[in-house]
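Report on one structure; see the data block that follows.
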Amino acid sequence: MNEFKKAIQAKAKDLQIDLVGFAARDRFVGLDPQHDPFSIFPEGHTVILVGQMIPRGTLRGVEDGTDVNSYSNFGYSWLDNQFVAQSTYDLVRFIEDAGWEACPIFPNPMSTTAMGVSVAEGRPAPNVTPDFDYAAVACGLGELGFNQEILTPQLGHRQRFQMIITDAELESDPLLETSVCARCNACVDACPLGAISKDKTITRTICGKTFEMAEINFELCKKCPNGGMANRLHPTGKPDRYAAICNRTCLAELEKRGIGEMKRAFRTQEPWKKNRRGDLL
Amino acid sequence: MTDTGDRTDQLGPLTEAVDAALADLAGRSAVARLWDRDHTLWSDDPTELADRLGWLDVLDEMLAARAEIDGFVDGLLADGFTHAVVMGMGGSSLFPEVITRSFPSGDRGLQLSVLDSTDPAAVARVVAQSPPERTLYLTSSKSGSTIETRSHLEFFWDRVGNPGQFAVVTDPGSALADLARQRGYRHVFENRTDIGGRYSALSYFGLVPAALAGVDWAGLVERALAVVDVLRSPDPGVNPGLWLGAAMGASARSGRDKLTLILDPRIEAFGLWLEQLIAESTGKHGTGVVPIVDEPLARRLFPDADALGRQIQLAPSGGGTEPVAMEIVGIAPVSRFANAPERSNPKNIFPDCKSVIAVVMRIPRGSYRGIEEGTHWHNYTFYSYNRLNTLFRPKLTYAMACFIEDMGWEAIPHYPAVCERMGEGEPVAPGKLPNVAMSVRIMGVGAGLGEMGHAKVFMTPEFGPRVRLGMIMTDAELEPDPIIKPGTLCNQCGRCVIDCPGKAIPPARTIDKDLHINVGGVDIHWGDVDMGRCTMTHHGLNNRISPFLKKDLPNLEMDVQNMNITEEEAYRMTYTIAQGTWGSVYDQPDNSIIHYYKYVLSHVGYFAICGARGCICSCMDSLEKRKAIKNLFHNPLYKRPLWMLPWQQKEKVGRINAWREEYLDKRDPSMRKNEY
């Protein structure tokens with residue numbers, strides 16, 4: 001089966017998938033059934049997470065305060081709905097050609113779970129919405145940063161994921177050993193709304209790894225005038241902060257440590273900021 | 001410019017670029033300089049150029065070696081040899097492979113096997129095919145150090161150990177030549193050192209295996225010599241090699257860097273050698289042409305392939321590994337649809353249509369898993385309905401249409417519309433029908449892609465009913481596929497009838513009650529499905545199969561299985577409820593009626609709720625168990641008994657507004673005090 005895993009990795013590369021990680025079902029034991037991928041496919045054995053890059057250039061217009069659409073199309077809706085969806089579908093076809101069932105999963109907001117009734121005793125109510133943060137850690141691709149975002153050593157927060165659940169028994173990838181987030185607090189300091197708490201934290205343990213994260217007032221983030229936006233799929237969903245000042249600052253700080261670094265630094269000038277009323281600071 | 005006949009006529013938009021390339025080659029006296037072995041034609045640096053052109057004049061030398069080669073084979077035959085194994089890689093193995101697959105063995109030949117893989121199964125196969133006491137082992141390696149080939153040699157040397165059964169083809173002075181002499185091998189063929197691997201076909205590397213196989217190798221060399229003068233000509237009207245090279249190079253520089261090779265089946269193996277020759281020879285310094293052998297669509301587009309050269313076509317560069325990656329393609333002559341209704345006849349969109357190309361992309365089996373389990377619906381609608389119908393397949397259909405139009409044939413990609421729901425509209429002229437739309441399933445039947453199952457689903461031999469179809473109309477006359485005989489896949493098992501949650505499918509095995517049409521002279525039929533019940537179920541107003549309806553309208557009792565409703569009425573009801581809102585809905589933030597339907601529609605633009613339980617899933621279960629399709633799985637589709645929700649409530653409501661009352665009572669028990 002490890003040969004098949006290698007074949008999947010090679011195919012993923014061919015499909016221009018930037019990140020692919022594997023986690024066997026034992027890594028999901030204890031997860032809330034409403035957010036457990038194996039509630040969807042109980043006979044499944046492996047979760048495969050595929051990630052594709054949000055080009056840094058899509059954030060440029062936001063950083064300069066001149067263009068949001070490049071990000072909201074290429075970095076958000078089209079990337080999710082078309083580009084990663086296409087790669088995921090093609091990888092699913094590859095796996096099913098080998099006789100293993102492959103169930104593609106789109107990252108619906110976890111808050112949209114259970115819009116229906118349970119169909120049988122003991123089964124979670126539909127829709128089960130798998131926890132992608134959990135899966136990213138379990139697949140060894142990333143960690144939860146202090147800013148509550150999944151950060152990968154390759155791209156920081158600049159990727160979007162979709163998932164495949166399969167009954168092929170594939171070996172788990174090792175959990176990430178290095179730490180991406182240096183707890184520099186740059187995200188906290190960057191937010192002019194004070195949405196990210198300086199001193200109140202929450203913790204989450206995934207696969208034996210405990211992450212301490214800032215408490216965040218997401219209601220403020222939904223109205224962020226600094227590049228953040230409400231969840232495009234559902235008003236209760238986690239707001240999209242990938243282009244917000246907090247994450248752009250995180251990106252700039254990670255680059256200083258060589259993470260996601262490019263030939264030229266992302267941040268070339270002091271970033272613009274607005275307060276809650278929308279006034280430039 | 002010299003007339004290059006109908007070759008240039010077929011180039012279309014590339015004509016100018018090819019003419020310019022030919023003019024450039026003429027200006028640089030390229031042909032003469034090639035034959036003069038002038039390396040500056042390519043580079044001032046002679047490395048691996050000046051010492052790689054020996055193939056230009058090796059032919060006479062090989063004819064002079066006739067006694068050596070034939071004498072070697074005669075000796076083997078006299079000693080009772082019956083088999084030969086050629087061990088080599090790349091240029092050393094591909095041409096022997098071409099020889100064994102393209103030429104009939106002569107009376108005096110040995111049974112030739114080519115070993116170019118270290119896969120244990122490949123080695124075991126060759127061992128099994130060659131009796132050790134009557135087999136000659138020929139090791140071919142220019143450098144003599146190719147690790148795979150040396151491994152093969154040592155493997156057979158350990159097994160056989162008789163030097164009289166071993167021979168080598170290699171460069172003079174190589175380690176392999178030394179080893180052969182040291183061990184006393186039967187013969188050492190020393191090739192010219194100035195011939196590179198893939199250019200060595202007509203030297204000892206290719207001709208000794210040909211002689212072993214009993215092929216008239218000298219005749220082959222003589223025929224090659226006969227065209228040398230033609231290939232020395234600087235006139236592209238005379239020299240087909242010059243014209244072809246210019247066409248390939250100019251096309252690649254224009255962005256068409258995929259070369260599809262369409263070969264007569266009798267010389268199909270020649271493509272393997274040609275593929276390596278072109279890929280390795282042009283793939284230098286960040287440029288190159290990607291050759292594609294046995295590309296099925298191209299073969300269909302040029303079914304009259306009968307000679308090498310003029311059938312070469314260049315596919316558009318798409319950035320992927322294949323120019324078109326559609327799962328299955330079938331072709332029908334438009335005449336097969338002569339009996340189609342006027343508003344579903346391809347001729348009424350494209351009067352010049354000659355062929356209909358039907359295409360299929362699969363629905364992954366895994367995208368039904370969440371609905372089968374009753375825990376996740378979203379991915380089926382997202383990936384397997386909307387994205388598949390509006391992105392994955394249309395993108396490839398578009399690419400295929402462009403590919404066909406690059407050949408100069410018009411290609412109309414057509415969306416799989418629900419043809420019975422097309423609007424009326426005003427004709428623009430007498431005889432011009434408005435809103436013509438084809439039934440892609442019928443087109444698929446006519447194109448030989450699959451058959452109509454009893455449940456009116458389209459089934460293919462590859463994926464059964466897990467498919468979505470698209471189509472292209474073109475004025476190109478293409479080789480048609482045969483229509484699949486009805487009943488090949490659907491055996492009227494009736495599983496679809498039993499498991500349809502809407503009871504929309506009529507009993508099976510009552511073909512006289514089926515709907516019948518004639519496609520290309522074949523009687524095609526399917527069950528007269530109750531589309532009203534089907535639509536109510538598919539679009540979520542059947543609470544037996546919709547946990548979302550059950551949650552948000554728990555007291556609604558609609559027995560869809562016994563409902564009398566038309567498809568149109570069902571559409572009007574389902575979409576109204578799915579898209580609708582009510583002034584204030586206590587428990588939902590967006591005032592939607594069915595929260596999930598509103599959500600999935602806003603995200604995906606579609607909503608599919610029953611998960612095709614009877615017509616697709618149970619049919620799949622039957623087909624997989626019968627192994628009637630190709631895409632089979634290690635594990636069964638159904639894991640446990642199918643779930644079904646009750647359509648009736650246990651208790652009747654019977655109050656003014658019990659739901660509101662319950663809501664308010666939960667929120668503030670005192671609020672309704674003294675209300676009625």
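Lettering and numbering for the structure tokens are positional, with chains as A, B, ... in the shown order, residues counted from 1 in each chain, and ligands counted from 1 in the shown order.
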Item to complete: Fewer than 5 positions away in the same chain doesn't count, so skip those; otherwise give me all residues within 8 Å of B:Ser546, counting only C-alpha atoms, as a VMD selection string.
Response: (chain A and resid 116) or (chain B and resid 540 to 541 609 to 610 645)
Fill in: Within 9 Å of chain B: residues of chain A, using only C-alpha atoms, as a PyMOL selection string
chain A and resi 14-15+34+39-43+81-82+85-86+89+92-93+96-106+108+112+114-120+123-129+164-167+232-236
Fill in: One-decimal distance in Å that lies between atom CA of B:Pro506 and atom CA of B:Gly532
13.0 Å
Worksheet item: Hey, what's within 9 Å of A:Ala265 if we count only C-alpha atoms and toss same-chain stuff fewer than 5 positions away? As a list in words, please?
Response: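 With the cut-off at 9 Å, the set is Ala252, Glu255 and Lys256 of chain A.
The interatomic distance for the pair atom CA of B:Met400 and atom CA of B:Ile472 works out to 8.6 Å.
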Worksheet item: Can you tell me, as a PyMOL selection string, what residues are no more than 9 Å from B:Leu14 when counting only C-alpha atoms, ignoring any on the same chain fewer than 3 positions away?
Response: chain B and resi 8+11+17-19+247+250-251+254
Write to file, as a PDB file, in the first residue's frame, the residues of the selection just made, with C-alpha atoms.
ATOM      1  CA  THR B   8       0.956  22.179 -46.679  1.00  0.00           C
ATOM      2  CA  LEU B  11      -1.444  23.030 -42.047  1.00  0.00           C
ATOM      3  CA  ALA B  17       5.322  29.558 -39.762  1.00  0.00           C
ATOM      4  CA  VAL B  18       6.305  26.360 -41.585  1.00  0.00           C
ATOM      5  CA  ASP B  19       7.107  28.241 -44.777  1.00  0.00           C
ATOM      6  CA  ALA B 247       6.538  21.458 -39.635  1.00  0.00           C
ATOM      7  CA  ALA B 250       7.673  25.565 -36.426  1.00  0.00           C
ATOM      8  CA  SER B 251       4.604  24.139 -34.728  1.00  0.00           C
ATOM      9  CA  SER B 254       4.087  28.358 -32.191  1.00  0.00           C
TER      10      SER B 254
END
Worksheet item: What lies within 9 Å of A:Gly65 using only C-alpha atoms, ignoring chain neighbours under 2 positions off, as a list in words?
Response: Arg60, Gly61, Val62, Glu63, Asp67, Val68, Asn226, Gly227, Pro271 and Trp272 of chain A
Item to complete: Fewer than 3 positions away in the same chain doesn't count, so skip those; otherwise give me all residues within 9 Å of B:Asp60, counting only C-alpha atoms, as a PyMOL selection string.
Response: chain B and resi 57+63-65+221-222+225
Using only N, CA and C atoms, please write the residues we just selected to a file, as a short mmCIF file (atom, residue, chain, number, x, y, z; two decimals), in the first residue's frame.
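Dumped to result-v8.cif:
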data_model
loop_
_atom_site.label_atom_id
_atom_site.label_comp_id
_atom_site.auth_asym_id
_atom_site.auth_seq_id
_atom_site.Cartn_x
_atom_site.Cartn_y
_atom_site.Cartn_z
N ASP B 57 26.03 7.40 -42.53
CA ASP B 57 26.65 6.60 -43.58
C ASP B 57 26.98 5.18 -43.12
N LEU B 63 25.72 -3.48 -44.88
CA LEU B 63 25.58 -4.47 -45.95
C LEU B 63 26.88 -5.26 -46.13
N ALA B 64 28.00 -4.57 -45.89
CA ALA B 64 29.29 -5.25 -46.01
C ALA B 64 29.48 -6.28 -44.90
N ALA B 65 28.70 -6.12 -43.81
CA ALA B 65 28.84 -7.05 -42.69
C ALA B 65 27.86 -8.22 -42.79
N VAL B 221 17.78 -2.54 -45.01
CA VAL B 221 18.88 -1.58 -45.21
C VAL B 221 18.88 -1.08 -46.65
N GLU B 222 18.62 -2.00 -47.58
CA GLU B 222 18.63 -1.59 -48.99
C GLU B 222 17.50 -0.59 -49.26
N LEU B 225 18.65 2.69 -48.01
CA LEU B 225 19.63 3.29 -48.94
C LEU B 225 18.94 3.93 -50.14
#
Discussion item. For the alpha helix (DSSP H) assignment from backbone DSSP, which residues of stretch 12-235 of chain A qualify? Please present them as a ChimeraX atom specification.
Written reply: /A:12-14,60-64,69-70,78,85-97,132-138,186-190,218-222
Worksheet entry | Picked from stretch 86-225 of chain A by DSSP as strand (DSSP E or B), as a ChimeraX atom specification | /A:102-105,143-144,150-152,156,159-166,196-206,209-216
Those same residues, written as a PDB file, in the first residue's frame with C-alpha atoms?
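Printed below is again.pdb as written:
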ATOM      1  CA  ALA A 102     -12.589   7.958  -2.589  1.00  0.00           C
ATOM      2  CA  CYS A 103     -15.000  10.421  -1.046  1.00  0.00           C
ATOM      3  CA  PRO A 104     -14.228  14.092  -1.822  1.00  0.00           C
ATOM      4  CA  ILE A 105     -15.139  16.619   0.864  1.00  0.00           C
ATOM      5  CA  GLU A 143      -0.164  23.459  13.070  1.00  0.00           C
ATOM      6  CA  LEU A 144      -2.580  25.883  14.664  1.00  0.00           C
ATOM      7  CA  ILE A 150      -3.471  26.565  10.161  1.00  0.00           C
ATOM      8  CA  LEU A 151       0.130  27.442   9.338  1.00  0.00           C
ATOM      9  CA  THR A 152       2.301  25.232   7.166  1.00  0.00           C
ATOM     10  CA  GLY A 156       2.241  29.846   6.327  1.00  0.00           C
ATOM     11  CA  GLN A 159      -3.342  27.613   1.209  1.00  0.00           C
ATOM     12  CA  ARG A 160      -6.811  26.169   0.852  1.00  0.00           C
ATOM     13  CA  PHE A 161      -7.632  22.561   1.540  1.00  0.00           C
ATOM     14  CA  GLN A 162     -10.078  19.936   0.377  1.00  0.00           C
ATOM     15  CA  MET A 163     -10.279  16.392   1.658  1.00  0.00           C
ATOM     16  CA  ILE A 164     -10.571  12.839   0.395  1.00  0.00           C
ATOM     17  CA  ILE A 165     -11.670   9.975   2.615  1.00  0.00           C
ATOM     18  CA  THR A 166     -10.757   6.550   1.259  1.00  0.00           C
ATOM     19  CA  ILE A 196      -7.171  39.232  18.974  1.00  0.00           C
ATOM     20  CA  SER A 197      -6.722  39.100  22.712  1.00  0.00           C
ATOM     21  CA  LYS A 198      -3.304  39.839  24.162  1.00  0.00           C
ATOM     22  CA  ASP A 199      -3.769  37.841  27.322  1.00  0.00           C
ATOM     23  CA  LYS A 200      -6.778  35.549  27.017  1.00  0.00           C
ATOM     24  CA  THR A 201      -5.946  32.263  25.372  1.00  0.00           C
ATOM     25  CA  ILE A 202      -7.626  29.005  24.518  1.00  0.00           C
ATOM     26  CA  THR A 203      -5.963  25.648  24.024  1.00  0.00           C
ATOM     27  CA  ARG A 204      -6.657  22.757  21.703  1.00  0.00           C
ATOM     28  CA  THR A 205      -5.032  19.336  21.670  1.00  0.00           C
ATOM     29  CA  ILE A 206      -4.850  17.389  18.410  1.00  0.00           C
ATOM     30  CA  LYS A 209      -0.055  18.187  20.316  1.00  0.00           C
ATOM     31  CA  THR A 210      -1.405  21.094  22.339  1.00  0.00           C
ATOM     32  CA  PHE A 211      -1.750  24.500  20.757  1.00  0.00           C
ATOM     33  CA  GLU A 212      -2.259  27.651  22.766  1.00  0.00           C
ATOM     34  CA  MET A 213      -4.089  30.278  20.757  1.00  0.00           C
ATOM     35  CA  ALA A 214      -5.340  33.783  21.299  1.00  0.00           C
ATOM     36  CA  GLU A 215      -8.986  34.248  22.083  1.00  0.00           C
ATOM     37  CA  ILE A 216     -10.470  36.018  19.062  1.00  0.00           C
TER      38      ILE A 216
END
Item to complete: Rank nothing, just name the residue among B:Val31, B:Ala177, B:Ala358, B:Ile278 nearest to B:Lys258, using only C-alpha atoms.
Response: B:Ile278
Worksheet item: Which is closest to A:Asp240 among A:Glu253, A:Asp90, A:Asp131, A:Glu149, if we use only C-alpha atoms?
Response: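 Looking only at the distances to A:Asp240, the closest residue turns out to be A:Glu149.
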Worksheet item: Looking at only C-alpha atoms, which of A:Pro225, A:Gly260, A:Gly237, A:Gly208 is the one that sits closest to A:Leu281?
Response: A:Pro225
Worksheet entry | Minimum-distance residue to A:Pro174, chosen among A:Gly142, A:Ser70, A:Leu155, A:Gly122 (using only C-alpha atoms) |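 Of A:Gly142, A:Ser70, A:Leu155, A:Gly122, the one nearest A:Pro174 is A:Gly142, counting only C-alpha atoms.
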Fill in: Counting only C-alpha atoms, the option among A:Lys13, A:Arg25, A:Arg56, A:Arg241 closest to A:Phe38
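Comparing A:Lys13, A:Arg25, A:Arg56, A:Arg241 against A:Phe38, the winner is A:Arg25.
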